[in-house]
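Dumped my_file22.pdb below, it's PDB, C-alpha atoms:
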```
ATOM      1  CA  MET A   1      93.004 117.807 101.540  1.00  0.00           C
ATOM      2  CA  LYS A   2      91.835 115.125 103.971  1.00  0.00           C
ATOM      3  CA  ASN A   3      93.820 112.449 102.067  1.00  0.00           C
ATOM      4  CA  PHE A   4      97.039 114.440 102.459  1.00  0.00           C
ATOM      5  CA  THR A   5      96.444 114.719 106.211  1.00  0.00           C
ATOM      6  CA  ASP A   6      95.890 110.961 106.419  1.00  0.00           C
ATOM      7  CA  ILE A   7      99.074 110.320 104.463  1.00  0.00           C
ATOM      8  CA  MET A   8     101.048 112.573 106.808  1.00  0.00           C
ATOM      9  CA  LYS A   9      99.628 110.759 109.852  1.00  0.00           C
ATOM     10  CA  GLN A  10     100.618 107.418 108.321  1.00  0.00           C
ATOM     11  CA  ALA A  11     104.107 108.743 107.564  1.00  0.00           C
ATOM     12  CA  LYS A  12     104.539 109.892 111.177  1.00  0.00           C
ATOM     13  CA  ALA A  13     103.347 106.512 112.455  1.00  0.00           C
ATOM     14  CA  LEU A  14     105.759 104.720 110.118  1.00  0.00           C
ATOM     15  CA  GLN A  15     108.606 106.969 111.244  1.00  0.00           C
ATOM     16  CA  SER A  16     107.857 106.144 114.871  1.00  0.00           C
ATOM     17  CA  LYS A  17     107.809 102.417 114.087  1.00  0.00           C
ATOM     18  CA  MET A  18     111.111 102.747 112.225  1.00  0.00           C
ATOM     19  CA  GLU A  19     112.744 104.447 115.203  1.00  0.00           C
ATOM     20  CA  THR A  20     111.521 101.647 117.457  1.00  0.00           C
ATOM     21  CA  MET A  21     112.852  99.051 115.020  1.00  0.00           C
ATOM     22  CA  GLN A  22     116.255 100.780 114.903  1.00  0.00           C
ATOM     23  CA  GLY A  23     116.420 100.561 118.705  1.00  0.00           C
ATOM     24  CA  GLU A  24     115.511  96.884 118.594  1.00  0.00           C
ATOM     25  CA  LEU A  25     118.215  96.228 115.993  1.00  0.00           C
ATOM     26  CA  GLU A  26     120.752  98.028 118.160  1.00  0.00           C
ATOM     27  CA  ALA A  27     119.904  95.696 121.070  1.00  0.00           C
ATOM     28  CA  LEU A  28     119.702  92.533 118.930  1.00  0.00           C
ATOM     29  CA  GLU A  29     122.527  90.011 119.224  1.00  0.00           C
ATOM     30  CA  VAL A  30     123.033  87.046 116.905  1.00  0.00           C
ATOM     31  CA  GLU A  31     125.632  84.309 117.029  1.00  0.00           C
ATOM     32  CA  GLY A  32     127.355  82.844 114.014  1.00  0.00           C
ATOM     33  CA  SER A  33     129.506  79.770 114.124  1.00  0.00           C
ATOM     34  CA  ALA A  34     131.928  77.831 111.974  1.00  0.00           C
ATOM     35  CA  GLY A  35     133.936  74.641 112.216  1.00  0.00           C
ATOM     36  CA  GLY A  36     131.158  72.794 114.003  1.00  0.00           C
ATOM     37  CA  GLY A  37     131.010  75.472 116.689  1.00  0.00           C
ATOM     38  CA  LEU A  38     134.758  75.691 117.263  1.00  0.00           C
ATOM     39  CA  VAL A  39     134.602  79.392 116.385  1.00  0.00           C
ATOM     40  CA  ARG A  40     131.651  81.529 117.474  1.00  0.00           C
ATOM     41  CA  VAL A  41     131.064  85.206 116.771  1.00  0.00           C
ATOM     42  CA  THR A  42     128.473  87.371 118.510  1.00  0.00           C
ATOM     43  CA  MET A  43     127.329  90.282 116.393  1.00  0.00           C
ATOM     44  CA  GLY A  44     124.943  93.141 116.980  1.00  0.00           C
ATOM     45  CA  GLY A  45     121.928  93.638 114.753  1.00  0.00           C
ATOM     46  CA  LYS A  46     123.701  96.400 112.850  1.00  0.00           C
ATOM     47  CA  GLY A  47     126.747  94.269 112.070  1.00  0.00           C
ATOM     48  CA  ALA A  48     129.185  95.191 114.836  1.00  0.00           C
ATOM     49  CA  VAL A  49     131.213  92.221 116.100  1.00  0.00           C
ATOM     50  CA  LYS A  50     130.831  92.086 119.877  1.00  0.00           C
ATOM     51  CA  SER A  51     132.768  88.961 120.776  1.00  0.00           C
ATOM     52  CA  VAL A  52     134.712  86.044 119.326  1.00  0.00           C
ATOM     53  CA  SER A  53     135.038  82.663 121.007  1.00  0.00           C
ATOM     54  CA  ILE A  54     137.717  80.222 119.814  1.00  0.00           C
ATOM     55  CA  ASP A  55     137.982  76.629 120.977  1.00  0.00           C
ATOM     56  CA  PRO A  56     141.451  76.063 122.527  1.00  0.00           C
ATOM     57  CA  SER A  57     142.068  73.107 120.195  1.00  0.00           C
ATOM     58  CA  LEU A  58     142.502  75.607 117.348  1.00  0.00           C
ATOM     59  CA  LEU A  59     145.194  77.581 119.161  1.00  0.00           C
ATOM     60  CA  LYS A  60     148.053  75.395 118.017  1.00  0.00           C
ATOM     61  CA  GLU A  61     151.042  76.365 115.931  1.00  0.00           C
ATOM     62  CA  GLY A  62     150.351  75.893 112.251  1.00  0.00           C
ATOM     63  CA  GLU A  63     146.579  76.285 112.653  1.00  0.00           C
ATOM     64  CA  GLY A  64     146.581  80.039 112.003  1.00  0.00           C
ATOM     65  CA  GLU A  65     145.233  79.924 108.450  1.00  0.00           C
ATOM     66  CA  ILE A  66     142.431  77.551 109.402  1.00  0.00           C
ATOM     67  CA  LEU A  67     141.535  79.751 112.359  1.00  0.00           C
ATOM     68  CA  GLU A  68     141.460  82.876 110.176  1.00  0.00           C
ATOM     69  CA  ASP A  69     139.137  81.164 107.692  1.00  0.00           C
ATOM     70  CA  LEU A  70     136.836  79.988 110.474  1.00  0.00           C
ATOM     71  CA  ILE A  71     136.611  83.487 111.980  1.00  0.00           C
ATOM     72  CA  VAL A  72     135.657  84.931 108.588  1.00  0.00           C
ATOM     73  CA  ALA A  73     133.055  82.181 108.099  1.00  0.00           C
ATOM     74  CA  ALA A  74     131.580  82.712 111.576  1.00  0.00           C
ATOM     75  CA  CYS A  75     131.348  86.471 110.944  1.00  0.00           C
ATOM     76  CA  ALA A  76     129.578  85.844 107.646  1.00  0.00           C
ATOM     77  CA  ASP A  77     127.149  83.461 109.375  1.00  0.00           C
ATOM     78  CA  ALA A  78     126.361  86.014 112.085  1.00  0.00           C
ATOM     79  CA  LYS A  79     125.957  88.803 109.510  1.00  0.00           C
ATOM     80  CA  ALA A  80     123.509  86.697 107.483  1.00  0.00           C
ATOM     81  CA  LYS A  81     121.466  86.053 110.638  1.00  0.00           C
ATOM     82  CA  ALA A  82     121.491  89.755 111.544  1.00  0.00           C
ATOM     83  CA  ASP A  83     120.393  90.677 108.011  1.00  0.00           C
ATOM     84  CA  ARG A  84     117.519  88.158 108.161  1.00  0.00           C
ATOM     85  CA  ALA A  85     116.399  89.508 111.531  1.00  0.00           C
ATOM     86  CA  ALA A  86     116.521  93.085 110.212  1.00  0.00           C
ATOM     87  CA  ALA A  87     114.518  92.113 107.131  1.00  0.00           C
ATOM     88  CA  GLU A  88     111.884  90.430 109.305  1.00  0.00           C
ATOM     89  CA  LYS A  89     111.610  93.516 111.501  1.00  0.00           C
ATOM     90  CA  MET A  90     111.369  95.757 108.431  1.00  0.00           C
ATOM     91  CA  GLN A  91     108.623  93.523 107.015  1.00  0.00           C
ATOM     92  CA  ALA A  92     106.711  93.857 110.289  1.00  0.00           C
ATOM     93  CA  VAL A  93     107.098  97.646 110.348  1.00  0.00           C
ATOM     94  CA  THR A  94     106.146  98.262 106.729  1.00  0.00           C
ATOM     95  CA  GLY A  95     103.304  95.747 106.880  1.00  0.00           C
ATOM     96  CA  GLY A  96     104.549  94.008 103.768  1.00  0.00           C
ATOM     97  CA  LEU A  97     104.554  97.259 101.795  1.00  0.00           C
ATOM     98  CA  PRO A  98     106.725  96.525  98.754  1.00  0.00           C
ATOM     99  CA  LEU A  99     109.652  98.925  98.774  1.00  0.00           C
ATOM    100  CA  PRO A 100     111.949  99.369  95.788  1.00  0.00           C
ATOM    101  CA  PRO A 101     115.379  97.705  96.075  1.00  0.00           C
ATOM    102  CA  GLY A 102     117.808  99.926  97.930  1.00  0.00           C
ATOM    103  CA  PHE A 103     115.034 102.088  99.341  1.00  0.00           C
ATOM    104  CA  SER A 104     115.797 102.944 102.936  1.00  0.00           C
ATOM    105  CA  LEU A 105     113.468 104.440 105.470  1.00  0.00           C
TER
END
```
Full structure transcribed into structure tokens:
Amino acid sequence: MKNFTDIMKQAKALQSKMETMQGELEALEVEGSAGGGLVRVTMGGKGAVKSVSIDPSLLKEGEGEILEDLIVAACADAKAKADRAAAEKMQAVTGGLPLPPGFSL
């Protein structure tokens, strides 16, 4: 039964590391940009948009559609960066342990 006890200890340690990682992701902020930096979006590590910065040159009549597209692109850029950061943190926590696709701890 010693192996089972070791497995349970490892599971508790992994759970603790996961909780720490979740806290780090909550505090993480990434910035995405589009249009050569004319639109910038700050996003939290879990995907919540925290701020949007728009260069005044885009705030002209008739530029609405371009601005909308740039905001979407900046959000996508920030989300991709947040996802990469989360994956790196997960890799560090699991020690490279291969987890099945969609498996969530």
Glu68 in chain A: which residues within 12 Å, counting all atoms listed in the file, same-chain residues fewer than 2 positions away excluded, as a CSV table (one decimal) with C-alpha atoms, in the coordinates of the input?
```
chain,number,residue,atom,x,y,z
A,34,ALA,CA,131.9,77.8,112.0
A,35,GLY,CA,133.9,74.6,112.2
A,39,VAL,CA,134.6,79.4,116.4
A,52,VAL,CA,134.7,86.0,119.3
A,54,ILE,CA,137.7,80.2,119.8
A,58,LEU,CA,142.5,75.6,117.3
A,59,LEU,CA,145.2,77.6,119.2
A,62,GLY,CA,150.4,75.9,112.3
A,63,GLU,CA,146.6,76.3,112.7
A,64,GLY,CA,146.6,80.0,112.0
A,65,GLU,CA,145.2,79.9,108.4
A,66,ILE,CA,142.4,77.6,109.4
A,70,LEU,CA,136.8,80.0,110.5
A,71,ILE,CA,136.6,83.5,112.0
A,72,VAL,CA,135.7,84.9,108.6
A,73,ALA,CA,133.1,82.2,108.1
A,74,ALA,CA,131.6,82.7,111.6
A,75,CYS,CA,131.3,86.5,110.9
```
Two-atom distance - CA of Ala27 in chain A, CA of Thr42 in chain A (Å)
12.2 Å
Mind telling me what the PyMOL selection byres ((chain A and resi 79) around 12) catches here, as a PyMOL selection string?
chain A and resi 28-33+41-50+72-78+80-86
Please produce a file of the residues just selected, as an mmCIF file, in the coordinates of the input, where the atoms kept are C-alpha atoms.
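Written output follows (out-v4.cif):
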```cif
data_model
loop_
_atom_site.group_PDB
_atom_site.id
_atom_site.type_symbol
_atom_site.label_atom_id
_atom_site.label_comp_id
_atom_site.auth_asym_id
_atom_site.auth_seq_id
_atom_site.Cartn_x
_atom_site.Cartn_y
_atom_site.Cartn_z
ATOM 1 C CA LEU A 28 119.702 92.533 118.930
ATOM 2 C CA GLU A 29 122.527 90.011 119.224
ATOM 3 C CA VAL A 30 123.033 87.046 116.905
ATOM 4 C CA GLU A 31 125.632 84.309 117.029
ATOM 5 C CA GLY A 32 127.355 82.844 114.014
ATOM 6 C CA SER A 33 129.506 79.770 114.124
ATOM 7 C CA VAL A 41 131.064 85.206 116.771
ATOM 8 C CA THR A 42 128.473 87.371 118.510
ATOM 9 C CA MET A 43 127.329 90.282 116.393
ATOM 10 C CA GLY A 44 124.943 93.141 116.980
ATOM 11 C CA GLY A 45 121.928 93.638 114.753
ATOM 12 C CA LYS A 46 123.701 96.400 112.850
ATOM 13 C CA GLY A 47 126.747 94.269 112.070
ATOM 14 C CA ALA A 48 129.185 95.191 114.836
ATOM 15 C CA VAL A 49 131.213 92.221 116.100
ATOM 16 C CA LYS A 50 130.831 92.086 119.877
ATOM 17 C CA VAL A 72 135.657 84.931 108.588
ATOM 18 C CA ALA A 73 133.055 82.181 108.099
ATOM 19 C CA ALA A 74 131.580 82.712 111.576
ATOM 20 C CA CYS A 75 131.348 86.471 110.944
ATOM 21 C CA ALA A 76 129.578 85.844 107.646
ATOM 22 C CA ASP A 77 127.149 83.461 109.375
ATOM 23 C CA ALA A 78 126.361 86.014 112.085
ATOM 24 C CA ALA A 80 123.509 86.697 107.483
ATOM 25 C CA LYS A 81 121.466 86.053 110.638
ATOM 26 C CA ALA A 82 121.491 89.755 111.544
ATOM 27 C CA ASP A 83 120.393 90.677 108.011
ATOM 28 C CA ARG A 84 117.519 88.158 108.161
ATOM 29 C CA ALA A 85 116.399 89.508 111.531
ATOM 30 C CA ALA A 86 116.521 93.085 110.212
#
```
Report as a short mmCIF file (atom, residue, chain, number, x, y, z; two decimals) with C-alpha atoms, in the frame of the given file the full result of the PyMOL selection byres ((chain A and resi 13-18) around 8) when it is applied to this structure.
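Below you can see selection_29.cif, which holds the result:
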```cif
data_model
loop_
_atom_site.label_atom_id
_atom_site.label_comp_id
_atom_site.auth_asym_id
_atom_site.auth_seq_id
_atom_site.Cartn_x
_atom_site.Cartn_y
_atom_site.Cartn_z
CA LYS A 9 99.63 110.76 109.85
CA GLN A 10 100.62 107.42 108.32
CA ALA A 11 104.11 108.74 107.56
CA LYS A 12 104.54 109.89 111.18
CA GLU A 19 112.74 104.45 115.20
CA THR A 20 111.52 101.65 117.46
CA MET A 21 112.85 99.05 115.02
CA GLN A 22 116.26 100.78 114.90
CA MET A 90 111.37 95.76 108.43
CA VAL A 93 107.10 97.65 110.35
CA THR A 94 106.15 98.26 106.73
CA LEU A 105 113.47 104.44 105.47
#
```
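Between CA of Leu67 in chain A and CA of Gly36 in chain A the interatomic distance comes to 12.6 Å.
Across the model, the gap from CA of Glu88 in chain A to CA of Leu25 in chain A is 10.9 Å.
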Axis-aligned box over every listed atom of range 43-51 of chain A, padded by 4 Å per side: centre and edges in Å to one decimal, as AutoDock Vina command-line options?
```
--center_x 127.3 --center_y 92.7 --center_z 116.4 --size_x 18.8 --size_y 15.4 --size_z 16.7
```
